[in-house]
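The data block below is target27.csv; it holds CSV, C-alpha atoms.
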chain,number,residue,atom,x,y,z
A,237,MET,CA,119.3,80.2,94.5
A,238,GLU,CA,116.0,81.3,96.0
A,239,GLU,CA,113.0,81.7,93.7
A,240,VAL,CA,112.1,85.3,93.3
A,241,TYR,CA,108.3,85.1,92.9
A,242,THR,CA,107.4,82.9,95.8
A,243,ILE,CA,106.0,83.5,99.3
A,244,GLU,CA,109.3,82.2,100.8
A,245,ASN,CA,111.1,85.3,99.4
A,246,GLU,CA,110.7,87.9,102.0
A,247,LEU,CA,111.1,90.8,99.5
A,248,PHE,CA,108.3,89.4,97.3
A,249,ARG,CA,106.0,89.2,100.4
A,250,ILE,CA,106.8,92.8,101.1
A,251,TYR,CA,106.1,93.8,97.5
A,252,LEU,CA,102.7,91.9,97.8
A,253,THR,CA,101.9,93.7,101.0
A,254,TYR,CA,102.5,97.2,99.5
A,255,ALA,CA,100.8,96.2,96.2
A,256,THR,CA,97.7,95.0,98.0
A,257,LEU,CA,97.6,98.3,100.0
A,258,LEU,CA,97.6,100.2,96.7
A,259,VAL,CA,94.9,98.1,95.1
A,260,PHE,CA,92.7,98.5,98.2
A,261,LYS,CA,93.3,102.3,98.1
A,262,MET,CA,92.1,102.3,94.5
A,263,PHE,CA,89.1,100.2,95.4
A,264,PHE,CA,88.4,102.5,98.4
A,265,LEU,CA,88.3,105.5,96.0
A,266,ALA,CA,85.9,103.7,93.7
A,267,LEU,CA,83.6,102.8,96.6
A,268,TYR,CA,83.9,106.4,98.0
A,269,THR,CA,82.9,107.8,94.6
A,270,VAL,CA,79.8,105.5,94.6
A,271,PHE,CA,79.0,106.5,98.2
A,272,ILE,CA,79.2,110.2,97.5
A,273,ARG,CA,77.3,109.9,94.2
A,274,THR,CA,74.5,108.0,96.0
A,275,THR,CA,74.2,110.1,99.2
A,276,LYS,CA,74.5,113.4,97.3
A,277,GLU,CA,72.5,112.2,94.3
A,278,VAL,CA,75.2,113.2,91.9
A,279,PHE,CA,74.8,110.6,89.2
A,280,ALA,CA,76.8,110.3,86.0
A,281,ASN,CA,73.8,109.3,83.8
A,282,ARG,CA,70.2,110.4,83.7
A,283,GLU,CA,68.9,106.9,84.1
A,284,ASP,CA,70.8,106.6,87.4
A,285,TYR,CA,68.3,109.1,88.9
A,286,GLY,CA,65.6,106.4,88.6
A,287,TYR,CA,62.9,105.9,86.1
A,288,THR,CA,60.1,106.7,88.5
A,289,TYR,CA,60.8,110.4,88.7
A,290,PRO,CA,58.8,112.7,86.5
A,291,GLU,CA,60.7,115.3,84.5
A,292,GLU,CA,60.2,118.2,87.0
A,293,LYS,CA,61.4,116.0,89.9
A,294,PHE,CA,64.4,115.0,87.8
A,295,LYS,CA,65.3,118.6,87.2
A,296,GLU,CA,65.0,119.4,90.9
A,297,ARG,CA,67.3,116.6,91.9
A,298,GLN,CA,69.8,117.5,89.2
A,299,ALA,CA,69.9,121.1,90.4
A,300,ARG,CA,70.6,119.9,94.0
A,301,ALA,CA,73.3,117.5,92.6
A,302,ASP,CA,75.1,120.3,90.8
A,303,ALA,CA,76.2,121.8,94.2
A,304,SER,CA,77.8,118.5,95.2
A,305,LYS,CA,79.3,117.7,91.8
A,306,GLU,CA,82.7,119.2,92.6
A,307,LYS,CA,83.3,116.8,95.5
A,308,VAL,CA,82.5,113.8,93.2
A,309,GLU,CA,84.7,115.1,90.5
A,310,ARG,CA,87.6,115.6,92.9
A,311,ILE,CA,87.3,112.0,94.1
A,312,ARG,CA,87.0,110.8,90.5
A,313,ARG,CA,90.0,112.7,89.4
A,314,CYS,CA,92.0,111.3,92.3
A,315,HIS,CA,91.0,107.8,91.3
A,316,LEU,CA,91.9,108.5,87.7
A,317,ASN,CA,95.3,109.7,88.7
A,318,ASP,CA,95.8,106.4,90.7
A,319,LEU,CA,94.8,104.5,87.6
A,320,GLU,CA,97.5,106.3,85.6
A,321,ASN,CA,100.3,105.8,88.2
A,322,ILE,CA,99.7,102.7,90.3
A,323,PRO,CA,99.5,100.0,87.6
A,324,VAL,CA,102.9,101.2,86.2
A,325,PHE,CA,104.4,101.0,89.6
A,326,LEU,CA,103.0,97.5,90.2
A,327,ILE,CA,104.5,96.3,87.0
A,328,ILE,CA,107.9,98.0,87.4
A,329,GLY,CA,108.0,97.0,91.1
A,330,LEU,CA,107.4,93.4,90.2
A,331,LEU,CA,110.1,93.4,87.5
A,332,TYR,CA,112.4,95.1,89.9
A,333,LEU,CA,112.5,92.0,92.1
A,334,ALA,CA,113.9,90.0,89.2
A,335,ILE,CA,117.2,92.0,89.3
A,336,ASN,CA,117.6,91.0,93.0
A,337,PRO,CA,118.0,94.5,94.4
A,338,PRO,CA,119.4,95.0,97.9
A,339,ALA,CA,116.4,94.4,100.2
A,340,HIS,CA,116.7,97.7,102.1
A,341,ILE,CA,116.7,99.7,98.8
A,342,ALA,CA,113.7,97.9,97.4
A,343,ILE,CA,111.7,98.2,100.6
A,344,TRP,CA,112.4,102.0,100.7
A,345,HIS,CA,111.3,102.3,97.0
A,346,TYR,CA,108.0,100.5,97.9
A,347,ARG,CA,107.5,102.5,101.1
A,348,VAL,CA,108.1,105.9,99.5
A,349,PHE,CA,105.9,105.2,96.6
A,350,VAL,CA,103.0,103.9,98.7
A,351,ALA,CA,103.4,106.9,101.1
A,352,SER,CA,103.4,109.3,98.2
A,353,ARG,CA,100.2,107.9,96.8
A,354,PHE,CA,98.4,108.0,100.1
A,355,PHE,CA,99.6,111.6,100.7
A,356,HIS,CA,98.5,112.4,97.1
A,357,MET,CA,95.0,111.1,98.0
A,358,VAL,CA,94.8,113.2,101.2
A,359,ALA,CA,96.1,116.3,99.4
A,360,TYR,CA,93.6,115.8,96.6
A,361,LEU,CA,90.5,115.1,98.8
A,362,THR,CA,91.2,117.6,101.6
A,363,PRO,CA,92.2,119.7,99.4
A,364,LEU,CA,95.7,120.8,100.5
A,365,PRO,CA,97.3,123.8,98.6
A,366,GLN,CA,99.7,123.1,95.8
A,367,PRO,CA,102.5,122.1,95.5
A,368,SER,CA,101.6,119.4,98.0
A,369,ARG,CA,99.8,117.2,95.4
A,370,ALA,CA,102.4,117.9,92.7
A,371,LEU,CA,105.3,117.0,95.0
A,372,SER,CA,103.7,113.7,96.0
A,373,PHE,CA,103.2,112.9,92.3
A,374,VAL,CA,106.8,113.8,91.5
A,375,VAL,CA,108.1,111.7,94.4
A,376,GLY,CA,106.1,108.6,93.3
A,377,THR,CA,107.1,109.1,89.7
A,378,GLY,CA,110.7,109.4,90.7
A,379,VAL,CA,110.5,106.1,92.6
A,380,THR,CA,109.1,104.3,89.6
A,381,ILE,CA,111.7,105.8,87.3
A,382,SER,CA,114.5,104.9,89.7
A,383,MET,CA,113.4,101.3,89.7
A,384,GLY,CA,113.0,101.3,85.9
A,385,VAL,CA,116.5,102.7,85.4
A,386,GLN,CA,118.0,100.1,87.7
A,387,ILE,CA,116.2,97.4,85.7
A,388,LEU,CA,117.6,98.7,82.4
A,389,GLN,CA,121.1,99.0,83.9
A,390,SER,CA,121.0,95.4,85.0
A,391,VAL,CA,119.7,93.8,81.8
A,392,ALA,CA,120.3,96.2,78.9
A,393,GLN,CA,123.1,95.3,76.5
A,394,PHE,CA,123.4,98.3,74.3

Could I get this structure in the form of structure tokens?
Amino acid sequence: MEEVYTIENELFRIYLTYATLLVFKMFFLALYTVFIRTTKEVFANREDYGYTYPEEKFKERQARADASKEKVERIRRCHLNDLENIPVFLIIGLLYLAINPPAHIAIWHYRVFVASRFFHMVAYLTPLPQPSRALSFVVGTGVTISMGVQILQSVAQF
């Protein structure tokens, strides 16, 4: 019997590919937030404006930053949504391999989830009108639930 969690297992390699794409996506959003905060001078904390600015200069910069705050908040909320959804998928997706699912079904679960999260990011950052973002969330959640139910069906002894 082939080991599940080894590079020799093609399905595990596919999982690792999609998992890495999701982690890079989350990392991109973190870096994008920093980039926008820095270029638009929209900092989370007063000390981030720099200690060399006198009080009036600080207030001037803060007023300019207020106009760009919505973009930073939108990126941050998108990132937070990823932090609520992607780690759960990564864990369930890894456990899913242990039940030895049919490869084509597992691959489609992974593809659909990753596509839904990338579409969610585009819908959030563009912004696209609802229900585009909500539908991408529902699709991704449905994939995770589907894998979780299959795991429970395979191992639960109620």

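The space separating CA of Thr253 in chain A from CA of Val385 in chain A comes to 23.2 Å.
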
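Candidate residues A:Val308, A:Leu247, A:Ile387, A:Ala266 were compared for distance to Leu361 in chain A, and the nearest is A:Val308, using all atoms listed in the file.
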
>> For Ile272 in chain A, find every residue with an atom within 10 Å (counting all atoms listed in the file), except residues of its own chain fewer than 4 positions away, and show them as an MDAnalysis selection string.
In response: chainID A and resid 267:268 276:279 304:305 307:308 311

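Residue nearest Phe355 in chain A, chosen from A:Ala334, A:Ile381, A:Leu388, A:Leu371 and counting only C-alpha atoms: A:Leu371.
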
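CA of Val375 in chain A to CA of Ile322 in chain A spans 13.0 Å [interatomic distance, one decimal].
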
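In this structure, CA of Gly376 in chain A sits 25.9 Å away from CA of Thr242 in chain A.
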
>> I need every residue sitting at most 12 Å from the point (106.3, 91.4, 88.2) (coordinates as in the file, all atoms listed in the file considered), written as a count of residues only.
In response: 21

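With distances restricted to only C-alpha atoms, A:Phe373 is the closest residue to Asn321 in chain A from A:Phe260, A:Phe373, A:Trp344, A:Phe394.
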